[in-house]
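Data block for data-v2.pdb (PDB, C-alpha atoms, pLDDT in the B column):
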ATOM      1  CA  MET A 345      59.873 -16.245 -37.221  1.00 52.00           C
ATOM      2  CA  THR A 346      57.595 -14.158 -35.033  1.00 61.00           C
ATOM      3  CA  GLY A 347      58.812 -13.226 -31.576  1.00 63.00           C
ATOM      4  CA  ILE A 348      57.016 -12.321 -28.390  1.00 62.00           C
ATOM      5  CA  ASP A 349      56.692  -8.611 -27.660  1.00 61.00           C
ATOM      6  CA  LEU A 350      58.608  -8.346 -24.394  1.00 63.00           C
ATOM      7  CA  MET A 351      57.538  -4.727 -23.947  1.00 71.00           C
ATOM      8  CA  ALA A 352      53.811  -5.495 -24.105  1.00 74.00           C
ATOM      9  CA  GLY A 353      53.483  -6.321 -20.412  1.00 86.00           C
ATOM     10  CA  PRO A 354      51.319  -9.028 -18.883  1.00 92.00           C
ATOM     11  CA  PRO A 355      47.973  -9.925 -20.443  1.00 95.00           C
ATOM     12  CA  PRO A 356      44.799  -8.663 -18.773  1.00 97.00           C
ATOM     13  CA  THR A 357      43.476 -10.785 -15.932  1.00 98.00           C
ATOM     14  CA  ARG A 358      39.854 -11.820 -16.241  1.00 98.00           C
ATOM     15  CA  LEU A 359      38.406 -13.419 -13.143  1.00 97.00           C
ATOM     16  CA  PRO A 360      35.770 -16.162 -13.397  1.00 97.00           C
ATOM     17  CA  GLU A 361      32.136 -15.467 -12.600  1.00 96.00           C
ATOM     18  CA  ASP A 362      31.680 -14.721  -8.901  1.00 96.00           C
ATOM     19  CA  PRO A 363      29.277 -17.260  -7.347  1.00 94.00           C
ATOM     20  CA  ALA A 364      27.774 -14.529  -5.157  1.00 97.00           C
ATOM     21  CA  ALA A 365      26.735 -12.322  -8.085  1.00 98.00           C
ATOM     22  CA  GLY A 366      23.354 -13.939  -8.679  1.00 97.00           C
ATOM     23  CA  GLU A 367      22.388 -13.942  -5.028  1.00 98.00           C
ATOM     24  CA  LEU A 368      23.316 -10.283  -4.604  1.00 98.00           C
ATOM     25  CA  ALA A 369      21.468  -9.359  -7.806  1.00 97.00           C
ATOM     26  CA  ALA A 370      18.407 -11.183  -6.429  1.00 98.00           C
ATOM     27  CA  GLY A 371      18.488  -8.906  -3.386  1.00 97.00           C
ATOM     28  CA  GLU A 372      19.938 -11.216  -0.744  1.00 98.00           C
ATOM     29  CA  GLN A 373      21.469  -9.382   2.202  1.00 98.00           C
ATOM     30  CA  PRO A 374      25.232  -8.894   1.761  1.00 98.00           C
ATOM     31  CA  ALA A 375      26.085 -10.357   5.193  1.00 98.00           C
ATOM     32  CA  ALA A 376      24.155 -13.535   4.370  1.00 98.00           C
ATOM     33  CA  VAL A 377      25.938 -13.813   1.025  1.00 98.00           C
ATOM     34  CA  VAL A 378      29.346 -13.313   2.686  1.00 98.00           C
ATOM     35  CA  ARG A 379      28.508 -16.167   5.066  1.00 98.00           C
ATOM     36  CA  LYS A 380      27.757 -18.452   2.095  1.00 98.00           C
ATOM     37  CA  HIS A 381      30.620 -17.189  -0.091  1.00 98.00           C
ATOM     38  CA  PRO A 382      33.388 -15.854   2.180  1.00 98.00           C
ATOM     39  CA  ALA A 383      35.928 -15.910  -0.680  1.00 97.00           C
ATOM     40  CA  SER A 384      33.782 -13.632  -2.852  1.00 98.00           C
ATOM     41  CA  PRO A 385      35.290 -10.181  -3.495  1.00 97.00           C
ATOM     42  CA  LEU A 386      31.917  -8.986  -4.774  1.00 98.00           C
ATOM     43  CA  ALA A 387      30.153 -10.052  -1.564  1.00 98.00           C
ATOM     44  CA  TRP A 388      32.714  -8.189   0.580  1.00 98.00           C
ATOM     45  CA  ALA A 389      32.535  -5.093  -1.635  1.00 98.00           C
ATOM     46  CA  THR A 390      28.746  -5.108  -1.412  1.00 98.00           C
ATOM     47  CA  LEU A 391      28.908  -5.560   2.363  1.00 98.00           C
ATOM     48  CA  ALA A 392      31.335  -2.625   2.644  1.00 98.00           C
ATOM     49  CA  ASP A 393      29.102  -0.469   0.429  1.00 98.00           C
ATOM     50  CA  ALA A 394      26.041  -1.394   2.502  1.00 98.00           C
ATOM     51  CA  ALA A 395      27.854  -0.542   5.723  1.00 98.00           C
ATOM     52  CA  LEU A 396      28.874   2.804   4.274  1.00 96.00           C
ATOM     53  CA  GLU A 397      25.297   3.543   3.165  1.00 97.00           C
ATOM     54  CA  GLN A 398      23.995   2.614   6.630  1.00 97.00           C
ATOM     55  CA  GLY A 399      26.386   5.060   8.288  1.00 97.00           C
ATOM     56  CA  ALA A 400      28.855   2.548   9.726  1.00 97.00           C
ATOM     57  CA  ASP A 401      32.092   3.980  10.994  1.00 96.00           C
ATOM     58  CA  ASP A 402      35.040   4.163   8.610  1.00 97.00           C
ATOM     59  CA  VAL A 403      36.941   1.434  10.480  1.00 98.00           C
ATOM     60  CA  THR A 404      34.155  -1.078   9.771  1.00 98.00           C
ATOM     61  CA  VAL A 405      34.126  -0.205   6.073  1.00 98.00           C
ATOM     62  CA  TYR A 406      37.928  -0.430   6.037  1.00 98.00           C
ATOM     63  CA  ALA A 407      37.815  -3.898   7.624  1.00 98.00           C
ATOM     64  CA  TYR A 408      35.255  -5.255   5.150  1.00 98.00           C
ATOM     65  CA  ALA A 409      37.139  -3.768   2.205  1.00 98.00           C
ATOM     66  CA  ARG A 410      40.457  -5.160   3.461  1.00 98.00           C
ATOM     67  CA  VAL A 411      39.051  -8.694   3.709  1.00 98.00           C
ATOM     68  CA  GLY A 412      37.618  -8.398   0.201  1.00 98.00           C
ATOM     69  CA  TYR A 413      40.916  -7.024  -1.090  1.00 98.00           C
ATOM     70  CA  HIS A 414      42.886  -9.963   0.316  1.00 97.00           C
ATOM     71  CA  ARG A 415      40.342 -12.474  -0.978  1.00 97.00           C
ATOM     72  CA  SER A 416      40.695 -10.737  -4.349  1.00 97.00           C
ATOM     73  CA  LEU A 417      44.473 -11.059  -4.376  1.00 97.00           C
ATOM     74  CA  ASP A 418      44.141 -14.793  -3.750  1.00 96.00           C
ATOM     75  CA  MET A 419      41.674 -15.124  -6.610  1.00 96.00           C
ATOM     76  CA  LEU A 420      43.753 -12.984  -8.969  1.00 97.00           C
ATOM     77  CA  ARG A 421      46.839 -15.108  -8.323  1.00 97.00           C
ATOM     78  CA  ARG A 422      44.893 -18.332  -8.908  1.00 96.00           C
ATOM     79  CA  ASN A 423      43.900 -16.896 -12.276  1.00 96.00           C
ATOM     80  CA  GLY A 424      47.377 -16.081 -13.542  1.00 95.00           C
ATOM     81  CA  TRP A 425      47.988 -12.580 -12.191  1.00 96.00           C
ATOM     82  CA  LYS A 426      51.645 -12.054 -11.259  1.00 93.00           C
ATOM     83  CA  GLY A 427      51.285  -9.001  -9.035  1.00 93.00           C
ATOM     84  CA  HIS A 428      50.807  -6.395 -11.747  1.00 94.00           C
ATOM     85  CA  GLY A 429      49.074  -5.837 -15.027  1.00 96.00           C
ATOM     86  CA  PRO A 430      45.637  -4.854 -16.226  1.00 98.00           C
ATOM     87  CA  VAL A 431      42.459  -5.998 -14.496  1.00 98.00           C
ATOM     88  CA  PRO A 432      39.796  -4.660 -16.878  1.00 98.00           C
ATOM     89  CA  TYR A 433      36.782  -2.903 -15.376  1.00 98.00           C
ATOM     90  CA  ASP A 434      34.637  -3.825 -18.357  1.00 98.00           C
ATOM     91  CA  HIS A 435      34.933  -7.517 -17.366  1.00 98.00           C
ATOM     92  CA  GLU A 436      32.106  -7.758 -14.814  1.00 97.00           C
ATOM     93  CA  PRO A 437      33.685 -10.447 -12.552  1.00 97.00           C
ATOM     94  CA  ASN A 438      36.692  -8.136 -11.977  1.00 98.00           C
ATOM     95  CA  ARG A 439      34.508  -5.464 -10.421  1.00 98.00           C
ATOM     96  CA  GLY A 440      34.377  -7.045  -6.959  1.00 98.00           C
ATOM     97  CA  PHE A 441      38.155  -6.714  -6.666  1.00 98.00           C
ATOM     98  CA  LEU A 442      38.202  -3.220  -8.134  1.00 98.00           C
ATOM     99  CA  ARG A 443      35.398  -2.057  -5.839  1.00 98.00           C
ATOM    100  CA  CYS A 444      37.179  -3.515  -2.788  1.00 98.00           C
ATOM    101  CA  LEU A 445      40.349  -1.692  -3.774  1.00 98.00           C
ATOM    102  CA  ALA A 446      38.493   1.621  -4.188  1.00 98.00           C
ATOM    103  CA  LEU A 447      36.629   1.149  -0.894  1.00 98.00           C
ATOM    104  CA  LEU A 448      39.890   0.317   0.849  1.00 98.00           C
ATOM    105  CA  ALA A 449      41.524   3.435  -0.595  1.00 98.00           C
ATOM    106  CA  ASN A 450      38.668   5.719   0.459  1.00 98.00           C
ATOM    107  CA  SER A 451      38.303   4.243   3.937  1.00 98.00           C
ATOM    108  CA  ALA A 452      42.082   4.392   4.471  1.00 98.00           C
ATOM    109  CA  ARG A 453      41.956   8.089   3.635  1.00 98.00           C
ATOM    110  CA  ALA A 454      38.988   8.535   5.986  1.00 97.00           C
ATOM    111  CA  ILE A 455      40.882   7.046   8.946  1.00 98.00           C
ATOM    112  CA  GLY A 456      44.010   9.065   8.197  1.00 98.00           C
ATOM    113  CA  GLU A 457      46.098   6.286   6.683  1.00 97.00           C
ATOM    114  CA  THR A 458      47.554   8.428   3.904  1.00 98.00           C
ATOM    115  CA  GLU A 459      50.180   5.966   2.683  1.00 98.00           C
ATOM    116  CA  GLU A 460      47.548   3.247   2.270  1.00 98.00           C
ATOM    117  CA  TRP A 461      45.258   5.680   0.424  1.00 98.00           C
ATOM    118  CA  GLU A 462      48.075   6.540  -1.972  1.00 98.00           C
ATOM    119  CA  ARG A 463      49.129   2.912  -2.470  1.00 98.00           C
ATOM    120  CA  CYS A 464      45.596   1.647  -3.068  1.00 98.00           C
ATOM    121  CA  SER A 465      44.502   4.503  -5.322  1.00 98.00           C
ATOM    122  CA  THR A 466      47.674   4.113  -7.411  1.00 98.00           C
ATOM    123  CA  PHE A 467      47.152   0.340  -7.554  1.00 98.00           C
ATOM    124  CA  LEU A 468      43.579   0.906  -8.769  1.00 98.00           C
ATOM    125  CA  ARG A 469      44.693   3.371 -11.451  1.00 98.00           C
ATOM    126  CA  ASP A 470      47.462   1.008 -12.589  1.00 97.00           C
ATOM    127  CA  SER A 471      45.082  -1.976 -12.677  1.00 98.00           C
ATOM    128  CA  SER A 472      42.258  -0.194 -14.477  1.00 98.00           C
ATOM    129  CA  PRO A 473      42.180   3.497 -15.364  1.00 98.00           C
ATOM    130  CA  GLU A 474      38.458   3.048 -16.153  1.00 98.00           C
ATOM    131  CA  ALA A 475      37.775   1.697 -12.663  1.00 98.00           C
ATOM    132  CA  TYR A 476      39.778   4.546 -11.141  1.00 98.00           C
ATOM    133  CA  ASP A 477      37.657   7.085 -13.033  1.00 98.00           C
ATOM    134  CA  ALA A 478      34.385   5.336 -12.184  1.00 98.00           C
ATOM    135  CA  LEU A 479      35.114   4.586  -8.527  1.00 98.00           C
ATOM    136  CA  LEU A 480      37.516   7.301  -7.344  1.00 97.00           C
ATOM    137  CA  GLY A 481      37.594   9.891 -10.088  1.00 89.00           C
TER     138      GLY A 481
END
Output the structure of this file as structure tokens.
Amino acid sequence: MTGIDLMAGPPPTRLPEDPAAGELAAGEQPAAVVRKHPASPLAWATLADAALEQGADDVTVYAYARVGYHRSLDMLRRNGWKGHGPVPYDHEPNRGFLRCLALLANSARAIGETEEWERCSTFLRDSSPEAYDALLG
């Protein structure tokens, strides 16, 4: 009789394809894509990145990243995530969540919210060490 490895931890969460991915890849403006797909973590991450590139203040980037982060948590839970466990960076649909988390961490640090920076950066590292290295490392 083969038993379940209780020490293995939860299985990796792999989100489904983000419906906004094709539109963003085709060059649609992030704000327009967010309006069509407000539940899309990738759309919010791209909007936050665009705001950052355009010189928006850190509070704006923080707000966009926070919305994307919360939309991500909803999506993760709908796909079996129980509040912890791996969210692999090499699975492309997970990257919207991971980018939102990194953007939230960085913008929290920029506005002086040290506890949020520490919580989010640790959460990113725990979810995906590869994402941590790529996005914050």
Practice prompt. Determine the residue set returned by the PyMOL selection byres ((chain A and resi 392) around 8) for the present structure, and present it as a list in words.
Written response: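 Checking the PyMOL selection byres ((chain A and resi 392) around 8) against this file, the residues are Trp388, Ala389, Thr390, Leu391, Asp393, Ala394, Ala395, Leu396, Thr404, Val405, Tyr406, Tyr408, Ala409 and Leu447 of chain A.
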Same residues, C-alpha atoms, saved as a PDB file, in the frame of the given file:
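The file below, selection_15.pdb, is the result:
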ATOM      1  CA  TRP A 388      32.714  -8.189   0.580  1.00 98.00           C
ATOM      2  CA  ALA A 389      32.535  -5.093  -1.635  1.00 98.00           C
ATOM      3  CA  THR A 390      28.746  -5.108  -1.412  1.00 98.00           C
ATOM      4  CA  LEU A 391      28.908  -5.560   2.363  1.00 98.00           C
ATOM      5  CA  ASP A 393      29.102  -0.469   0.429  1.00 98.00           C
ATOM      6  CA  ALA A 394      26.041  -1.394   2.502  1.00 98.00           C
ATOM      7  CA  ALA A 395      27.854  -0.542   5.723  1.00 98.00           C
ATOM      8  CA  LEU A 396      28.874   2.804   4.274  1.00 96.00           C
ATOM      9  CA  THR A 404      34.155  -1.078   9.771  1.00 98.00           C
ATOM     10  CA  VAL A 405      34.126  -0.205   6.073  1.00 98.00           C
ATOM     11  CA  TYR A 406      37.928  -0.430   6.037  1.00 98.00           C
ATOM     12  CA  TYR A 408      35.255  -5.255   5.150  1.00 98.00           C
ATOM     13  CA  ALA A 409      37.139  -3.768   2.205  1.00 98.00           C
ATOM     14  CA  LEU A 447      36.629   1.149  -0.894  1.00 98.00           C
TER      15      LEU A 447
END
Worksheet entry | Contact residues around Pro382 of chain A with all atoms listed in the file at 12 Å, ignoring same-chain residues under 2 positions, as a ChimeraX atom specification | /A:362-364,374-380,384-389,391,408,411-412,414-416
Discussion item. On this structure, the PyMOL selection byres ((chain A and resi 475) around 9) would catch which residues? List them as a PyMOL selection string, sorted by chain and number.
Written reply: chain A and resi 432-434+439+442-443+446+468-469+471-474+476-481
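Candidate residues A:Ala454, A:Ala383, A:Cys464, A:Met351 were compared for distance to Leu420 of chain A, and the nearest is A:Ala383, using all atoms listed in the file.
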Worksheet item: Any idea what the distance is between atom CA of Ala400 of chain A and atom CA of Glu436 of chain A?
Response: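 Here the two named atoms are 26.8 Å from each other.
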Worksheet item: Suppose you want the space between atom CA of Glu462 of chain A and atom CA of Val431 of chain A; what is it in Å?
Response: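 So the two atoms, atom CA of Glu462 of chain A and atom CA of Val431 of chain A, lie 18.6 Å apart.
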Discussion item. So that I can check the surroundings of Pro430 of chain A, please list as a list in words every protein, DNA and RNA residue that reaches within 8 Å of it, counting only C-alpha atoms and ignoring chain neighbours fewer than 3 positions away.
Written reply: Pro354, Pro355, Pro356, Thr357, Asp470, Ser471 and Ser472 of chain A
Fill in: Interatomic distance (Å, one decimal) between atom CA of Ala452 of chain A and atom CA of Ser465 of chain A
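Result for atom CA of Ala452 of chain A versus atom CA of Ser465 of chain A: 10.1 Å, one decimal.
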